[in-house]
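Worksheet for the structure shown next.
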Amino acid sequence: MQAEPFSTLEQPPWQEGDNIGSPGSVLALYSQLLAANTDSTRKQEVWTDRETCLAYSVGSPAEQVKALVDLLAGKGSQLLQVRDKMPDSPLGSQSNESRIPKHSEALLSRVGNDPELGSPSHRLASLMLVEGLTDLQLKEHDFTQVEATRGVWHPARVITLDRLFLPLSRVSIPPRVSLTIGVAGVGKTTLVRHFVHCWARGQVGKGFSRVLPLTFRDLNTYEKLSADRLIQSIFSSIGEASLVATAPDRVLLVLDGLDECKTPLEFSNTMACSDPKKEIQVDHLITNIIRGNLFPEISVWITSRPSAAGQIPGGLVDRMTEIRGLTEEEIKVCLEQMFPEEQNLLGQVLSQVQANRALYLMCTVPAFCRLTGLALGHLYRTRLAVQDIELPLPQTLCELYSWYFRMALGGEGQDKEKVSPRIKQVTQGARKMVGTLGRLAFHGLVKKKYVFYEQDMKAFGVDLALLQNTLCSCLLQREETLASSVAYCFIHLSLQEFVAATYYYSASKRAIFDLFTESGMSWPRLGFLAHFRCAAQRATQAKDGRLDVFLRFLSGLLSPRVNTLLAGSLLSQGEHQSYRDQVAEVLQGFLHPDAAVCARAINVLYCLSELRHTELACSVEEAMRSGTLAGMTSPSHRTALAYLLQMSDICSPEADFSLCLSQHVLQSLLPQLLYCQSLRLDNNQFQDPVMELLGSVLSGKDCRIRKIRMKTVWPTLTLSSQAQGSS
């Protein structure tokens, strides 16, 4: 971690529990810290009381913004020289304390009055302290991160929200740059709103005189921006322009959603800029703020999905936290809130979630849990309406999303023998709209673009007037930006992937060139199978897993049950069904005999499961139950075994591989075995090199193994979370 200013202090000049929230006390602390840190190589400037009051009387709002920016940039002394030449003016009429309530009220009106926000029992009242990003977080899809870890978060030190920006000990200092990570849909934006709500009510962050929330959806609307325009845009968005006329004791700038930034941050190729008036590219502005070239005195809090968080060099991050997913009890509470007066329906939905391990794992993500509740609720209501208790329950991800789409489409006429012309017209219009959104979703996925603006919608032929209908409200989230434009995003990343897959599925029958090629020019590709093979190649050969779930959905659309559910609305009856067996062969052809089973290979098994082609996985699972696994050593069998480690109940309490693993098989499975909590390897004849390799795995950052038993080699070894790093 990067050392912060005042790091030579042996002990901060305040005691635990002291009230450091008032402007005077914070200024005093800054003065004491500077006095105790005279040897610091970094020059620090302190805002005196005279500088603090200076911004109150500089005139117009534009001048007030300039005053605030100059103070943040450490130019208080220059302002004093200018002010000394001006006539005196009364400074006591508006104190900092009188302005803070106005700022708080403006923030409260912006984040809303959700009663859940600000609650001490809120799920996001505490976060996990982590020491960096793992390879799994940097390289894999968010779904893969949850599946590989079985929905179990690594034991970590917990920090409460009220101490998020405070020193961790009496000899440490507050972080300047804080980073909070979490998978898509886990609640990063909700966390920011919760914190802002609590700060405005004086419950947390009492050391901050100002909290300035900003999203990358807002920043994407600008091509170039200066630091002073940035401050001006934030204050104009939360109300009274004169609020900028307050001198900051300690300011928190919140940057929410780094993964939605339209331009990747490149810290190695960005020119340094310390002039707050200079307009530069937005990504360069953010990198200079993070580096401390701009606004070195303020605290910066960034939220991001793990894969995008890797853009920021670890040495610039002073504190990293992670949002955990829902516990079993919290999943139940989430679903109870969705069905408060339908206990029978709640019981049916809960039973289905608990019975399906894959579904349960993903329901640890709040957004997915709510989507699941809506889809299953619609299914059970449909069962009751048509009096068909045999209506099949969803067993795959694609089947679940198909029910969600039936709900979004209203389901009118789908269970009737005759369809009225009006309903048929509505269905055709909805199919055309989903096709247009699907093209937008697919090209966004290819370009790693997850936020769309009105110009994007128009470019892809989306009728903005139709975005208010029920279908679009179930798919898209609409948000006003600071620049008075409108941003759209899919309610969850997986919905964008599903809609993109439906577009690719339908477009492939008429496309003659590679749909992934932006220019539209490539070697001719005719027929669905050729396009499917192209998509599978791109997904399995990718360095990251961003196309993994897209490929799962594309495979799942070939499932007979999904085709039946969506026939007439999103798909044509029987479309591409003749290719199902050939697609299964294409997928199995990507199970290469690599040295180690990788996440791309395991995703092929997920695709086969979506296709309802489960013979390979079922044969390996039966061998595990019967104790005949030793003879299954082919690459496809090893990959199926790694898949079952994540999804099978037989591996849930303990992964038992006694008398069935050769040295070669163990070596290929090690990258996946490290996510097991309990591992049993009795009576396997392993040699010393494997023991050394296993020891290095146990000391890895990704390792979740807490208990391992190797009867003939070592005695039973139990690992605590503290001991893993030295094993």
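So you can find residues: chains in the structure tokens are A, B, ... in the order shown, residues in each start at 1, and ligands are numbered from 1 in order.
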
Residues within 7 Å of A:Arg150, only C-alpha atoms, excluding chain neighbours under 2 positions, as a PyMOL selection string: chain A and resi 146-148+152+361+646

Within stretch 484-529 of chain A, find each residue whose DSSP state, derived from the backbone, is helix (DSSP H, G or I), and express the selection as a short mmCIF file (atom, residue, chain, number, x, y, z; two decimals) with C-alpha atoms, in the first residue's frame.
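The resulting file, out-v9.cif, is reproduced below:
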```
data_model
loop_
_atom_site.label_atom_id
_atom_site.label_comp_id
_atom_site.auth_asym_id
_atom_site.auth_seq_id
_atom_site.Cartn_x
_atom_site.Cartn_y
_atom_site.Cartn_z
CA LEU A 493 -25.54 -7.90 -16.71
CA SER A 494 -26.97 -11.39 -17.29
CA LEU A 495 -30.09 -9.89 -18.90
CA GLN A 496 -27.91 -8.09 -21.44
CA GLU A 497 -26.16 -11.40 -22.14
CA PHE A 498 -29.46 -13.25 -22.57
CA VAL A 499 -30.95 -10.65 -24.93
CA ALA A 500 -27.66 -10.61 -26.87
CA ALA A 501 -27.82 -14.40 -27.22
CA THR A 502 -31.40 -14.29 -28.58
CA TYR A 503 -30.28 -11.74 -31.18
CA TYR A 504 -27.27 -13.85 -32.23
CA TYR A 505 -29.44 -16.98 -32.32
CA SER A 506 -31.96 -15.41 -34.69
CA ALA A 507 -29.53 -13.32 -36.76
CA PHE A 528 -26.34 -21.44 -37.66
CA LEU A 529 -23.73 -24.12 -36.94
#
```

Straight-line distance linking atom CA of A:Met407 with atom CA of A:Phe442, stated in Å to one decimal: 22.2 Å

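Between A:Leu476 and the candidates A:Lys278, A:Asp702, A:Asn603, A:Val434, the tightest atom-to-atom separation, counting only C-alpha atoms, involves A:Val434.
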
Could I get the residues of stretch 98-181 of chain A with an atom no further than 8 Å from an atom of stretch 201-212 of chain A, each paired with its nearest atom pair and that distance in Å to one decimal, using only C-alpha atoms, sorted by chain and residue number, as a tab-separated table?
```
residue	atom	partner	partner_atom	distance
A:Ile100	CA	A:Ser209	CA	7.2
A:His103	CA	A:Arg210	CA	7.8
A:Ser104	CA	A:Arg201	CA	7.3
A:Leu161	CA	A:Val204	CA	6.9
A:Asp162	CA	A:Val204	CA	4.5
A:Arg163	CA	A:Gly205	CA	7.7
A:Phe165	CA	A:Gly205	CA	7.3
```

Residue nearest A:Asp318 among A:Pro392, A:Pro167, A:Gly257, A:Gly700 (counting only C-alpha atoms): A:Pro167

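With only C-alpha atoms as the atoms that count, the minimum distance from A:Leu376 to the choices A:Ile302, A:Leu335, A:Leu409, A:Leu570 is reached by A:Leu335.
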
Set out as a Markdown table a contact list for stretch 645-696 of chain A and stretch 585-601 of chain A with a cut-off of 10 Å, giving each residue of stretch 645-696 of chain A that qualifies its closest atom pair and distance in Å to one decimal, counting only C-alpha atoms, ordered by chain and rising residue number.
```
| residue | atom | partner | partner_atom | distance |
| --- | --- | --- | --- | --- |
| A:His664 | CA | A:Ala595 | CA | 8.6 |
| A:Val665 | CA | A:Ala596 | CA | 8.8 |
| A:Leu666 | CA | A:Ala596 | CA | 9.2 |
| A:Gln667 | CA | A:Ala596 | CA | 6.8 |
| A:Ser668 | CA | A:Ala596 | CA | 3.8 |
| A:Leu669 | CA | A:Val597 | CA | 5.9 |
| A:Leu670 | CA | A:Ala596 | CA | 7.6 |
| A:Pro671 | CA | A:Val597 | CA | 7.1 |
| A:Gln672 | CA | A:Val597 | CA | 7.5 |
```

Neighbour list for A:Leu108 as a PyMOL selection string, cut-off 8 Å, only C-alpha atoms, skip fewer than 3 positions in-chain: chain A and resi 104-105+111-113+196-197+200

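One distance worth recording is that between atom CA of A:Leu616 and atom CA of A:Leu645, which is 14.3 Å.
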
Nearest to A:Lys707, chosen from A:Glu329, A:Glu140, A:Asp682, A:Glu654, with only C-alpha atoms counted in the distances: A:Glu654

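The space separating atom CA of A:Val333 from atom CA of A:Arg305 comes to 24.9 Å.
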